>>> print(open('work-v7.cif').read())   # mmCIF, C-alpha atoms, pLDDT in the B column; chains and numbers go by the auth columns
data_entry
loop_
_atom_site.group_PDB
_atom_site.id
_atom_site.type_symbol
_atom_site.label_atom_id
_atom_site.label_comp_id
_atom_site.label_asym_id
_atom_site.label_seq_id
_atom_site.Cartn_x
_atom_site.Cartn_y
_atom_site.Cartn_z
_atom_site.B_iso_or_equiv
_atom_site.auth_seq_id
_atom_site.auth_asym_id
ATOM 1 C CA MET A 1 2.226 11.203 34.126 87.00 268 A
ATOM 2 C CA TYR A 2 0.749 8.214 35.920 94.00 269 A
ATOM 3 C CA THR A 3 1.757 4.561 36.223 94.00 270 A
ATOM 4 C CA VAL A 4 -0.088 1.411 37.233 94.00 271 A
ATOM 5 C CA THR A 5 0.927 -2.231 37.461 95.00 272 A
ATOM 6 C CA GLY A 6 -1.438 -5.110 36.852 96.00 273 A
ATOM 7 C CA LYS A 7 -2.256 -8.129 34.710 96.00 274 A
ATOM 8 C CA LEU A 8 -3.135 -7.804 31.055 97.00 275 A
ATOM 9 C CA LYS A 9 -6.766 -8.953 30.905 97.00 276 A
ATOM 10 C CA MET A 10 -7.565 -8.192 27.269 97.00 277 A
ATOM 11 C CA LYS A 11 -5.788 -6.684 24.288 96.00 278 A
ATOM 12 C CA GLY A 12 -7.761 -5.589 21.283 95.00 279 A
ATOM 13 C CA GLU A 13 -6.678 -5.324 17.697 95.00 280 A
ATOM 14 C CA SER A 14 -5.477 -2.058 16.179 94.00 281 A
ATOM 15 C CA ARG A 15 -8.238 -0.268 14.323 94.00 282 A
ATOM 16 C CA LYS A 16 -8.106 2.640 11.958 93.00 283 A
ATOM 17 C CA VAL A 17 -10.537 5.331 13.144 90.00 284 A
ATOM 18 C CA SER A 18 -9.739 7.636 10.217 92.00 285 A
ATOM 19 C CA ASP A 19 -7.147 7.901 7.449 92.00 286 A
ATOM 20 C CA SER A 20 -4.724 9.508 9.884 92.00 287 A
ATOM 21 C CA PHE A 21 -5.631 7.962 13.276 94.00 288 A
ATOM 22 C CA THR A 22 -5.102 4.403 14.571 95.00 289 A
ATOM 23 C CA VAL A 23 -6.038 3.201 18.050 96.00 290 A
ATOM 24 C CA ARG A 24 -5.700 -0.007 20.089 97.00 291 A
ATOM 25 C CA GLU A 25 -7.477 -0.641 23.373 97.00 292 A
ATOM 26 C CA PHE A 26 -6.483 -2.966 26.196 97.00 293 A
ATOM 27 C CA VAL A 27 -7.606 -3.750 29.737 98.00 294 A
ATOM 28 C CA LEU A 28 -5.340 -4.099 32.761 97.00 295 A
ATOM 29 C CA THR A 29 -6.552 -5.659 36.023 97.00 296 A
ATOM 30 C CA ASP A 30 -5.266 -3.791 39.075 95.00 297 A
ATOM 31 C CA ASP A 31 -5.396 -6.019 42.190 92.00 298 A
ATOM 32 C CA SER A 32 -3.785 -3.499 44.548 89.00 299 A
ATOM 33 C CA SER A 33 -7.011 -2.858 46.487 90.00 300 A
ATOM 34 C CA GLN A 34 -9.698 -5.057 48.056 94.00 301 A
ATOM 35 C CA TYR A 35 -11.715 -5.068 44.824 95.00 302 A
ATOM 36 C CA PRO A 36 -9.947 -5.716 41.500 95.00 303 A
ATOM 37 C CA GLN A 37 -10.271 -2.858 39.017 95.00 304 A
ATOM 38 C CA HIS A 38 -10.449 -3.571 35.278 97.00 305 A
ATOM 39 C CA VAL A 39 -9.099 -0.415 33.664 96.00 306 A
ATOM 40 C CA GLN A 40 -9.240 0.299 29.933 97.00 307 A
ATOM 41 C CA PHE A 41 -6.368 2.119 28.217 97.00 308 A
ATOM 42 C CA GLN A 42 -5.735 3.125 24.654 97.00 309 A
ATOM 43 C CA LEU A 43 -2.603 3.256 22.539 96.00 310 A
ATOM 44 C CA CYS A 44 -2.516 5.643 19.571 96.00 311 A
ATOM 45 C CA GLN A 45 -0.656 5.802 16.270 94.00 312 A
ATOM 46 C CA ASP A 46 2.832 4.226 16.365 93.00 313 A
ATOM 47 C CA LYS A 47 2.304 3.169 20.023 95.00 314 A
ATOM 48 C CA THR A 48 -0.276 0.511 19.023 95.00 315 A
ATOM 49 C CA SER A 49 2.555 -1.998 18.492 94.00 316 A
ATOM 50 C CA LEU A 50 3.683 -1.764 22.148 94.00 317 A
ATOM 51 C CA LEU A 51 1.403 -4.701 23.079 94.00 318 A
ATOM 52 C CA ASN A 52 2.597 -7.063 20.354 94.00 319 A
ATOM 53 C CA ASP A 53 5.054 -8.971 22.577 92.00 320 A
ATOM 54 C CA PHE A 54 2.741 -9.388 25.577 95.00 321 A
ATOM 55 C CA VAL A 55 0.170 -12.095 26.321 95.00 322 A
ATOM 56 C CA GLU A 56 -2.976 -11.968 28.409 95.00 323 A
ATOM 57 C CA GLY A 57 -2.283 -12.738 32.078 95.00 324 A
ATOM 58 C CA GLN A 58 1.195 -11.197 31.990 95.00 325 A
ATOM 59 C CA GLU A 59 2.062 -8.560 34.638 96.00 326 A
ATOM 60 C CA LEU A 60 2.775 -5.181 33.087 96.00 327 A
ATOM 61 C CA THR A 61 3.547 -1.650 34.181 95.00 328 A
ATOM 62 C CA VAL A 62 1.765 0.992 32.117 95.00 329 A
ATOM 63 C CA SER A 63 2.718 4.673 31.964 96.00 330 A
ATOM 64 C CA PHE A 64 -0.126 6.874 30.791 97.00 331 A
ATOM 65 C CA ASN A 65 -1.579 10.360 30.573 96.00 332 A
ATOM 66 C CA LEU A 66 -5.088 11.249 31.700 96.00 333 A
ATOM 67 C CA ARG A 67 -7.071 13.071 29.008 95.00 334 A
ATOM 68 C CA GLY A 68 -10.493 14.676 29.309 96.00 335 A
ATOM 69 C CA ARG A 69 -12.748 16.286 26.755 95.00 336 A
ATOM 70 C CA GLU A 70 -16.087 17.989 26.490 97.00 337 A
ATOM 71 C CA TYR A 71 -18.690 16.989 23.884 95.00 338 A
ATOM 72 C CA THR A 72 -21.862 18.972 23.190 96.00 339 A
ATOM 73 C CA LYS A 73 -24.677 17.685 20.992 95.00 340 A
ATOM 74 C CA ASP A 74 -28.230 19.006 20.814 96.00 341 A
ATOM 75 C CA GLY A 75 -27.551 21.323 23.749 95.00 342 A
ATOM 76 C CA ASN A 76 -26.424 18.454 26.008 97.00 343 A
ATOM 77 C CA THR A 77 -22.867 18.549 27.253 97.00 344 A
ATOM 78 C CA ARG A 78 -21.047 15.379 28.269 97.00 345 A
ATOM 79 C CA TYR A 79 -17.525 14.760 29.495 97.00 346 A
ATOM 80 C CA PHE A 80 -15.256 11.859 28.587 94.00 347 A
ATOM 81 C CA ASN A 81 -11.961 10.640 30.021 95.00 348 A
ATOM 82 C CA THR A 82 -9.288 8.650 28.236 95.00 349 A
ATOM 83 C CA LEU A 83 -6.209 6.919 29.602 96.00 350 A
ATOM 84 C CA ASP A 84 -3.584 7.323 26.856 96.00 351 A
ATOM 85 C CA ALA A 85 -0.808 4.781 27.398 96.00 352 A
ATOM 86 C CA TRP A 86 2.598 5.706 26.043 95.00 353 A
ATOM 87 C CA ARG A 87 4.817 3.072 27.654 95.00 354 A
ATOM 88 C CA VAL A 88 4.117 -0.592 28.413 95.00 355 A
ATOM 89 C CA VAL A 89 6.794 -2.780 30.023 94.00 356 A
ATOM 90 C CA LYS A 90 6.942 -6.176 31.667 93.00 357 A
ATOM 91 C CA LYS A 91 6.814 -5.844 35.461 85.00 358 A
ATOM 92 C CA GLU A 92 10.306 -6.144 36.939 74.00 359 A
ATOM 93 C CA SER A 93 10.846 -9.071 39.257 55.00 360 A
ATOM 94 C CA ALA A 94 11.993 -8.470 42.833 45.00 361 A
ATOM 95 C CA THR A 95 15.369 -10.090 42.086 41.00 362 A
ATOM 96 C CA ALA A 96 16.013 -7.687 39.221 38.00 363 A
ATOM 97 C CA THR A 97 15.804 -4.723 41.576 35.00 364 A
ATOM 98 C CA THR A 98 18.029 -6.007 44.373 33.00 365 A
ATOM 99 C CA VAL A 99 21.188 -4.081 45.165 40.00 366 A
ATOM 100 C CA ASP A 100 24.601 -5.718 44.929 41.00 367 A
ATOM 101 C CA ASN A 101 25.699 -6.223 48.537 40.00 368 A
ATOM 102 C CA GLU A 102 29.429 -6.726 47.919 42.00 369 A
ATOM 103 C CA ALA A 103 31.625 -5.316 50.666 40.00 370 A
ATOM 104 C CA GLN A 104 33.497 -2.204 49.695 42.00 371 A
ATOM 105 C CA VAL A 105 37.259 -2.269 50.071 42.00 372 A
ATOM 106 C CA VAL A 106 38.601 0.834 51.799 44.00 373 A
ATOM 107 C CA ASP A 107 42.028 2.044 50.738 47.00 374 A
ATOM 108 C CA GLU A 108 43.952 3.018 53.865 49.00 375 A
ATOM 109 C CA ASP A 109 45.726 5.836 52.019 51.00 376 A
ATOM 110 C CA ASP A 110 42.371 7.608 51.641 51.00 377 A
ATOM 111 C CA SER A 111 41.697 7.686 55.397 52.00 378 A
ATOM 112 C CA LEU A 112 41.468 10.982 57.230 51.00 379 A
ATOM 113 C CA PRO A 113 44.528 12.112 59.270 53.00 380 A
ATOM 114 C CA PHE A 114 42.684 12.320 62.626 49.00 381 A
#
>>> encode(input="work-v7.cif", output="structure tokens")
Amino acid sequence: MYTVTGKLKMKGESRKVSDSFTVREFVLTDDSSQYPQHVQFQLCQDKTSLLNDFVEGQELTVSFNLRGREYTKDGNTRYFNTLDAWRVVKKESATATTVDNEAQVVDEDDSLPF
């Protein structure tokens, strides 16, 4: 399992590839390095609706699996990679992850005898 956080650059429409397979592609821009990376992911089947509530430009965290496959045609073998997203959530703000700093009250009856 892998995760990446970035801005939603593009979200495509769901498309039916066959009678039993639906896919939706989207692009996330990762600005964590010197050069922004525009990374394409796909959502499959019932996961295609995960993007419905998000708009382009919004910061998201995507959990995904890396898939690879081999394809041979006319004696030529090629390899393809796919980033299969299975969870898409709005990036948490820094204030949402802060710890409550309330002082703890110590009960004197619980103190050690020495």
>>> resolve_selection(input="work-v7.cif", expression="the PyMOL selection byres ((chain A and resi 270) around 8)", output="VMD selection string")
chain A and resid 268 to 269 271 to 272 328 to 331
>>> closest_residue(input="work-v7.cif", among="A:Leu350, A:Val356, A:Leu275, A:Val290", to="Lys314 in chain A", atoms="only C-alpha atoms")
A:Val290
>>> atom_distance(input="work-v7.cif", atom1="CA of Ser287 in chain A", atom2="CA of Val322 in chain A")
27.6 Å
>>> atom_distance(input="work-v7.cif", atom1="CA of Glu292 in chain A", atom2="CA of Lys278 in chain A")
6.3 Å
>>> resolve_selection(input="work-v7.cif", expression="the PyMOL selection byres ((chain A and resi 335) around 6)", output="short mmCIF file (atom, residue, chain, number, x, y, z; two decimals) with C-alpha atoms, keeping the file's coordinate frame")
data_model
loop_
_atom_site.label_atom_id
_atom_site.label_comp_id
_atom_site.auth_asym_id
_atom_site.auth_seq_id
_atom_site.Cartn_x
_atom_site.Cartn_y
_atom_site.Cartn_z
CA ARG A 334 -7.07 13.07 29.01
CA ARG A 336 -12.75 16.29 26.76
CA PHE A 347 -15.26 11.86 28.59
CA ASN A 348 -11.96 10.64 30.02
#
>>> atom_distance(input="work-v7.cif", atom1="CA of Arg282 in chain A", atom2="CA of Lys357 in chain A")
23.8 Å
>>> closest_residue(input="work-v7.cif", among="A:Leu327, A:Val284, A:Leu318, A:Leu310", to="Asp297 in chain A", atoms="all atoms listed in the file")
A:Leu327
